Amino acid sequence: MKELIDTFLSYLSVERGLSNNTITSYREDLRTYLNFIEKSNIDALSKISKNNITSFMLAQKDRGIGASSIARRLAAIRMFHRFLARERIIKNDPSILIDTPKLWKRVPETLTLNEIELLIAQPDVRKTQGIRDRAILETLYATGMRVSEAVNLKTDFVNLDIGFLRCIGKGNKERVIPLGKKAIASINRYIELSRPKLLKNKESEFLFLSRFGKKISRQSLWKMIKKCAKEARIKKSIKPHIMRHSFATHLLEHGADLRSVQEMLGHANISTTQIYTHINKDRLKSIHKQFHPRP
């Protein structure tokens, strides 16, 4: 079964062009699924039934796994069984009639403008890594890029003269995002003062580098954001997408249209972007409750 998973994931990577992050998630989802199948004393993929898949989903729910995570695992399972049926490894696809669990739209955590300012102010710009960290935070907030997109950002993709950068998102889809003056100034300072010291006479196509002169890792970037949030005494739950969520929310709060925000975020479907309109509604409701004489 493990070999078939590897074959399937290679197919997704090569022929479907899915990102490394998606492949990693699907690998973990299918490993969890097949562990459940094996514990159910099923020794062949051809013996898996619709009831087995349903039982797996219910077991995940009982473990407290969220509906969105279960839906993603079901998507991986469906693609896997569809692949097996097309390759004639199994005769029938047992996942074909299973309904997707209902998803509820959870409003993502965001930072206020004041909290963003505090966060960005934390790196010590008297130090090489502090200059880099300030540039990273300014770039994330200016563009709404995912952390994975920021670490893969190449120097050739950034045009500071006209104030735009090219971003390669999910499924290798490219989009162009404007940069503000503060982000441009911060990146310029990093390129002039900090990046050459991090390179140490080496070469790299990537913009943001580690202290070893290599592409900074997602883990290192994420730890840096959490460290800055802690130093800024921000009490909110800090998650990797919090700068992205804040970017979208603040744009909409200041009058940006939904289609433009969708394009900058790289969402394939505008319904994904619409979740940020719920934040606006919650904010308006909160203001109404706080200030209306008859709340």
# chains A, B, ... in the order shown; residues from 1 in each chain; ligands from 1
>>> closest_atom_pairs(of="stretch 75-164 of chain A", to="stretch 202-217 of chain A", cutoff="12 Å", atoms="only C-alpha atoms", output="CSV")
residue,atom,partner,partner_atom,distance
A:Lys127,CA,A:Arg211,CA,11.8
A:Thr128,CA,A:Arg211,CA,9.0
A:Gln129,CA,A:Arg211,CA,7.5
A:Gly130,CA,A:Arg211,CA,11.2
A:Ile131,CA,A:Phe208,CA,10.8
A:Arg132,CA,A:Phe208,CA,7.2
A:Asp133,CA,A:Phe208,CA,8.9
A:Arg134,CA,A:Phe208,CA,11.1
A:Ala135,CA,A:Phe208,CA,8.7
A:Ile136,CA,A:Phe208,CA,7.5
A:Leu137,CA,A:Phe208,CA,11.3
A:Thr139,CA,A:Phe208,CA,10.6
A:Leu140,CA,A:Phe208,CA,12.0
A:Val147,CA,A:Ser217,CA,9.4
A:Ser148,CA,A:Ser217,CA,8.6
A:Glu149,CA,A:Ser217,CA,11.0
A:Ala150,CA,A:Phe208,CA,7.9
A:Val151,CA,A:Ile216,CA,6.0
A:Asn152,CA,A:Phe206,CA,6.5
A:Leu153,CA,A:Phe206,CA,5.8
A:Lys154,CA,A:Phe206,CA,4.1
A:Thr155,CA,A:Leu207,CA,4.8
A:Asp156,CA,A:Glu205,CA,7.5
A:Phe157,CA,A:Leu207,CA,8.9
A:Val158,CA,A:Leu207,CA,8.6
A:Asn159,CA,A:Leu207,CA,11.9
>>> write_last_selection(atoms="N, CA and C atoms", output="PDB file, in the first residue's frame")
ATOM      1  N   LYS A 127      20.913  45.023  13.614  1.00  0.00           N
ATOM      2  CA  LYS A 127      21.557  43.739  13.373  1.00  0.00           C
ATOM      3  C   LYS A 127      21.206  43.221  11.977  1.00  0.00           C
ATOM      4  N   THR A 128      22.097  42.385  11.446  1.00  0.00           N
ATOM      5  CA  THR A 128      21.909  41.843  10.092  1.00  0.00           C
ATOM      6  C   THR A 128      20.597  41.093   9.960  1.00  0.00           C
ATOM      7  N   GLN A 129      20.336  40.167  10.893  1.00  0.00           N
ATOM      8  CA  GLN A 129      19.108  39.376  10.807  1.00  0.00           C
ATOM      9  C   GLN A 129      17.870  40.210  11.124  1.00  0.00           C
ATOM     10  N   GLY A 130      18.052  41.238  11.948  1.00  0.00           N
ATOM     11  CA  GLY A 130      16.925  42.115  12.254  1.00  0.00           C
ATOM     12  C   GLY A 130      16.463  42.884  11.031  1.00  0.00           C
ATOM     13  N   ILE A 131      17.421  43.340  10.209  1.00  0.00           N
ATOM     14  CA  ILE A 131      17.077  44.035   8.955  1.00  0.00           C
ATOM     15  C   ILE A 131      16.307  43.087   8.041  1.00  0.00           C
ATOM     16  N   ARG A 132      16.785  41.829   7.962  1.00  0.00           N
ATOM     17  CA  ARG A 132      16.091  40.825   7.141  1.00  0.00           C
ATOM     18  C   ARG A 132      14.683  40.566   7.664  1.00  0.00           C
ATOM     19  N   ASP A 133      14.546  40.394   8.976  1.00  0.00           N
ATOM     20  CA  ASP A 133      13.246  40.075   9.563  1.00  0.00           C
ATOM     21  C   ASP A 133      12.244  41.207   9.361  1.00  0.00           C
ATOM     22  N   ARG A 134      12.718  42.446   9.485  1.00  0.00           N
ATOM     23  CA  ARG A 134      11.828  43.593   9.229  1.00  0.00           C
ATOM     24  C   ARG A 134      11.358  43.567   7.773  1.00  0.00           C
ATOM     25  N   ALA A 135      12.261  43.264   6.854  1.00  0.00           N
ATOM     26  CA  ALA A 135      11.901  43.211   5.423  1.00  0.00           C
ATOM     27  C   ALA A 135      10.881  42.105   5.157  1.00  0.00           C
ATOM     28  N   ILE A 136      11.057  40.969   5.826  1.00  0.00           N
ATOM     29  CA  ILE A 136      10.113  39.857   5.647  1.00  0.00           C
ATOM     30  C   ILE A 136       8.726  40.254   6.147  1.00  0.00           C
ATOM     31  N   LEU A 137       8.653  40.832   7.340  1.00  0.00           N
ATOM     32  CA  LEU A 137       7.358  41.218   7.916  1.00  0.00           C
ATOM     33  C   LEU A 137       6.675  42.285   7.068  1.00  0.00           C
ATOM     34  N   THR A 139       7.075  42.732   3.893  1.00  0.00           N
ATOM     35  CA  THR A 139       6.663  42.094   2.634  1.00  0.00           C
ATOM     36  C   THR A 139       5.394  41.269   2.827  1.00  0.00           C
ATOM     37  N   LEU A 140       5.332  40.499   3.908  1.00  0.00           N
ATOM     38  CA  LEU A 140       4.148  39.674   4.177  1.00  0.00           C
ATOM     39  C   LEU A 140       2.903  40.538   4.323  1.00  0.00           C
ATOM     40  N   VAL A 147       3.375  32.214   3.773  1.00  0.00           N
ATOM     41  CA  VAL A 147       4.742  32.025   4.268  1.00  0.00           C
ATOM     42  C   VAL A 147       5.556  31.195   3.272  1.00  0.00           C
ATOM     43  N   SER A 148       4.936  30.143   2.720  1.00  0.00           N
ATOM     44  CA  SER A 148       5.641  29.278   1.764  1.00  0.00           C
ATOM     45  C   SER A 148       6.009  30.037   0.501  1.00  0.00           C
ATOM     46  N   GLU A 149       5.192  31.018   0.108  1.00  0.00           N
ATOM     47  CA  GLU A 149       5.489  31.823  -1.076  1.00  0.00           C
ATOM     48  C   GLU A 149       6.632  32.793  -0.799  1.00  0.00           C
ATOM     49  N   ALA A 150       6.666  33.324   0.416  1.00  0.00           N
ATOM     50  CA  ALA A 150       7.715  34.286   0.775  1.00  0.00           C
ATOM     51  C   ALA A 150       9.091  33.626   0.801  1.00  0.00           C
ATOM     52  N   VAL A 151       9.169  32.408   1.338  1.00  0.00           N
ATOM     53  CA  VAL A 151      10.483  31.751   1.419  1.00  0.00           C
ATOM     54  C   VAL A 151      10.990  31.359   0.025  1.00  0.00           C
ATOM     55  N   ASN A 152      10.085  31.199  -0.923  1.00  0.00           N
ATOM     56  CA  ASN A 152      10.471  30.824  -2.286  1.00  0.00           C
ATOM     57  C   ASN A 152      10.572  32.025  -3.227  1.00  0.00           C
ATOM     58  N   LEU A 153      10.422  33.214  -2.677  1.00  0.00           N
ATOM     59  CA  LEU A 153      10.498  34.425  -3.494  1.00  0.00           C
ATOM     60  C   LEU A 153      11.929  34.630  -3.987  1.00  0.00           C
ATOM     61  N   LYS A 154      12.076  34.810  -5.293  1.00  0.00           N
ATOM     62  CA  LYS A 154      13.406  34.994  -5.891  1.00  0.00           C
ATOM     63  C   LYS A 154      13.683  36.477  -6.135  1.00  0.00           C
ATOM     64  N   THR A 155      14.951  36.822  -6.111  1.00  0.00           N
ATOM     65  CA  THR A 155      15.325  38.229  -6.297  1.00  0.00           C
ATOM     66  C   THR A 155      14.851  38.761  -7.648  1.00  0.00           C
ATOM     67  N   ASP A 156      14.872  37.917  -8.670  1.00  0.00           N
ATOM     68  CA  ASP A 156      14.446  38.337 -10.008  1.00  0.00           C
ATOM     69  C   ASP A 156      12.954  38.633 -10.076  1.00  0.00           C
ATOM     70  N   PHE A 157      12.195  38.146  -9.078  1.00  0.00           N
ATOM     71  CA  PHE A 157      10.748  38.337  -9.082  1.00  0.00           C
ATOM     72  C   PHE A 157      10.332  39.657  -8.436  1.00  0.00           C
ATOM     73  N   VAL A 158      11.303  40.411  -7.933  1.00  0.00           N
ATOM     74  CA  VAL A 158      10.994  41.656  -7.226  1.00  0.00           C
ATOM     75  C   VAL A 158      11.514  42.842  -8.028  1.00  0.00           C
ATOM     76  N   ASN A 159      10.615  43.759  -8.379  1.00  0.00           N
ATOM     77  CA  ASN A 159      10.993  44.972  -9.089  1.00  0.00           C
ATOM     78  C   ASN A 159      10.681  46.162  -8.183  1.00  0.00           C
TER      79      ASN A 159
END
>>> select_by_dssp(residues="stretch 10-220 of chain A", states="alpha helix (DSSP H)", output="VMD selection string")
chain A and resid 10 to 14 20 to 39 50 to 62 67 to 86 113 to 120 128 to 143 147 to 151 181 to 189 195 to 199 218 to 220
>>> write_last_selection(atoms="C-alpha atoms", output="compact mmCIF listing (two decimals), in the first residue's frame")
# COMPACT_ATOMS: atom_id res chain seq x y z
CA SER A 10 4.35 11.18 -7.85
CA TYR A 11 1.42 11.35 -10.28
CA LEU A 12 -0.02 14.36 -8.41
CA SER A 13 3.33 16.12 -8.43
CA VAL A 14 4.37 15.43 -12.03
CA ASN A 20 4.97 20.28 -2.26
CA ASN A 21 2.89 21.42 0.70
CA THR A 22 -0.25 19.79 -0.73
CA ILE A 23 1.67 16.59 -1.50
CA THR A 24 2.99 16.50 2.08
CA SER A 25 -0.55 16.97 3.48
CA TYR A 26 -1.97 14.25 1.23
CA ARG A 27 0.82 11.87 2.23
CA GLU A 28 -0.04 12.32 5.91
CA ASP A 29 -3.80 12.05 5.22
CA LEU A 30 -3.41 8.78 3.30
CA ARG A 31 -1.02 7.35 5.88
CA THR A 32 -3.63 8.02 8.59
CA TYR A 33 -6.35 6.51 6.41
CA LEU A 34 -4.46 3.33 5.55
CA ASN A 35 -3.43 2.83 9.18
CA PHE A 36 -7.13 2.86 10.03
CA ILE A 37 -7.89 0.42 7.21
CA GLU A 38 -5.17 -1.99 8.35
CA LYS A 39 -6.43 -1.85 11.95
CA LYS A 50 -17.97 2.84 1.30
CA ASN A 51 -18.78 1.89 4.91
CA ASN A 52 -15.06 1.63 5.74
CA ILE A 53 -14.42 5.16 4.47
CA THR A 54 -17.46 6.48 6.35
CA SER A 55 -16.24 4.76 9.52
CA PHE A 56 -12.84 6.41 9.08
CA MET A 57 -14.45 9.85 8.79
CA LEU A 58 -16.57 9.25 11.90
CA ALA A 59 -13.50 8.07 13.80
CA GLN A 60 -11.71 11.28 12.81
CA LYS A 61 -14.66 13.33 14.04
CA ASP A 62 -14.65 11.44 17.36
CA ALA A 67 -14.65 19.42 9.51
CA SER A 68 -12.28 21.22 7.15
CA SER A 69 -9.47 18.73 7.92
CA ILE A 70 -11.81 15.77 7.46
CA ALA A 71 -12.99 17.23 4.14
CA ARG A 72 -9.37 17.57 2.99
CA ARG A 73 -8.66 13.95 3.98
CA LEU A 74 -11.74 12.81 2.11
CA ALA A 75 -10.51 14.73 -0.96
CA ALA A 76 -7.18 12.88 -0.74
CA ILE A 77 -8.97 9.53 -0.31
CA ARG A 78 -11.24 10.20 -3.31
CA MET A 79 -8.34 11.14 -5.56
CA PHE A 80 -6.42 8.07 -4.40
CA HIS A 81 -9.27 5.64 -5.11
CA ARG A 82 -10.03 7.34 -8.43
CA PHE A 83 -6.38 6.88 -9.38
CA LEU A 84 -6.46 3.19 -8.34
CA ALA A 85 -9.63 2.59 -10.38
CA ARG A 86 -8.21 4.33 -13.46
CA LEU A 113 -3.38 47.87 12.54
CA ASN A 114 -1.77 48.82 15.86
CA GLU A 115 -0.76 45.19 16.49
CA ILE A 116 0.72 44.98 12.98
CA GLU A 117 2.78 48.12 13.67
CA LEU A 118 4.00 46.65 16.98
CA LEU A 119 4.88 43.34 15.33
CA ILE A 120 6.84 44.92 12.48
CA THR A 128 21.91 41.84 10.09
CA GLN A 129 19.11 39.38 10.81
CA GLY A 130 16.92 42.11 12.25
CA ILE A 131 17.08 44.04 8.95
CA ARG A 132 16.09 40.82 7.14
CA ASP A 133 13.25 40.07 9.56
CA ARG A 134 11.83 43.59 9.23
CA ALA A 135 11.90 43.21 5.42
CA ILE A 136 10.11 39.86 5.65
CA LEU A 137 7.36 41.22 7.92
CA GLU A 138 6.88 44.30 5.74
CA THR A 139 6.66 42.09 2.63
CA LEU A 140 4.15 39.67 4.18
CA TYR A 141 1.85 42.48 5.29
CA ALA A 142 2.27 44.50 2.08
CA THR A 143 1.41 41.59 -0.22
CA VAL A 147 4.74 32.02 4.27
CA SER A 148 5.64 29.28 1.76
CA GLU A 149 5.49 31.82 -1.08
CA ALA A 150 7.72 34.29 0.78
CA VAL A 151 10.48 31.75 1.42
CA LYS A 181 6.62 52.40 0.02
CA LYS A 182 7.50 51.01 3.45
CA ALA A 183 7.97 47.49 2.10
CA ILE A 184 10.10 48.79 -0.80
CA ALA A 185 12.32 50.79 1.56
CA SER A 186 12.69 47.84 3.92
CA ILE A 187 13.58 45.38 1.14
CA ASN A 188 16.02 47.89 -0.34
CA ARG A 189 17.77 48.25 3.00
CA ARG A 195 21.77 40.18 2.27
CA PRO A 196 25.44 40.46 1.19
CA LYS A 197 26.54 39.59 4.76
CA LEU A 198 24.21 36.57 4.84
CA LEU A 199 25.46 35.38 1.43
CA ARG A 218 9.30 28.04 6.54
CA GLN A 219 9.97 26.88 10.10
CA SER A 220 12.54 29.62 10.74
>>> closest_residue(among="A:Pro108, A:Pro178, A:Pro94, A:Gly64", to="A:Lys239", atoms="only C-alpha atoms")
A:Pro108
>>> select_by_dssp(residues="stretch 18-256 of chain A", states="strand (DSSP E)", output="PyMOL selection string")
chain A and resi 158-159+164-168+174-178
>>> closest_residue(among="A:Ile242, A:Ile168, A:Ile90, A:Leu193", to="A:Val125", atoms="only C-alpha atoms")
A:Leu193
>>> residues_around(residues="A:Lys235", least_positions_apart="4", cutoff="12 Å", atoms="only C-alpha atoms", output="list in words")
Glu109, Thr110, Leu111, Thr112, Glu115, Leu119, Lys226, Cys228, Ala229, Lys230 and Glu231 of chain A
>>> write_last_selection(atoms="N, CA and C atoms", output="PDB file, in the first residue's frame")
ATOM      1  N   GLU A 109      -8.386  34.505  12.568  1.00  0.00           N
ATOM      2  CA  GLU A 109      -7.822  35.471  13.509  1.00  0.00           C
ATOM      3  C   GLU A 109      -7.025  36.513  12.729  1.00  0.00           C
ATOM      4  N   THR A 110      -7.179  37.772  13.096  1.00  0.00           N
ATOM      5  CA  THR A 110      -6.428  38.841  12.456  1.00  0.00           C
ATOM      6  C   THR A 110      -5.833  39.759  13.514  1.00  0.00           C
ATOM      7  N   LEU A 111      -4.887  40.572  13.089  1.00  0.00           N
ATOM      8  CA  LEU A 111      -4.294  41.576  13.960  1.00  0.00           C
ATOM      9  C   LEU A 111      -4.869  42.943  13.620  1.00  0.00           C
ATOM     10  N   THR A 112      -4.963  43.798  14.616  1.00  0.00           N
ATOM     11  CA  THR A 112      -5.360  45.177  14.351  1.00  0.00           C
ATOM     12  C   THR A 112      -4.185  45.903  13.699  1.00  0.00           C
ATOM     13  N   GLU A 115      -1.521  46.422  16.212  1.00  0.00           N
ATOM     14  CA  GLU A 115      -0.760  45.195  16.493  1.00  0.00           C
ATOM     15  C   GLU A 115       0.226  44.889  15.364  1.00  0.00           C
ATOM     16  N   LEU A 119       4.206  44.550  15.797  1.00  0.00           N
ATOM     17  CA  LEU A 119       4.883  43.339  15.331  1.00  0.00           C
ATOM     18  C   LEU A 119       6.065  43.685  14.429  1.00  0.00           C
ATOM     19  N   LYS A 226       6.432  34.333  15.457  1.00  0.00           N
ATOM     20  CA  LYS A 226       5.947  34.058  16.814  1.00  0.00           C
ATOM     21  C   LYS A 226       6.784  34.790  17.855  1.00  0.00           C
ATOM     22  N   CYS A 228       8.467  37.613  17.445  1.00  0.00           N
ATOM     23  CA  CYS A 228       8.148  39.039  17.383  1.00  0.00           C
ATOM     24  C   CYS A 228       6.799  39.326  18.046  1.00  0.00           C
ATOM     25  N   ALA A 229       5.837  38.433  17.848  1.00  0.00           N
ATOM     26  CA  ALA A 229       4.515  38.607  18.461  1.00  0.00           C
ATOM     27  C   ALA A 229       4.615  38.536  19.983  1.00  0.00           C
ATOM     28  N   LYS A 230       5.444  37.633  20.471  1.00  0.00           N
ATOM     29  CA  LYS A 230       5.639  37.499  21.916  1.00  0.00           C
ATOM     30  C   LYS A 230       6.295  38.746  22.486  1.00  0.00           C
ATOM     31  N   GLU A 231       7.315  39.254  21.784  1.00  0.00           N
ATOM     32  CA  GLU A 231       8.007  40.460  22.231  1.00  0.00           C
ATOM     33  C   GLU A 231       7.097  41.684  22.173  1.00  0.00           C
TER      34      GLU A 231
END
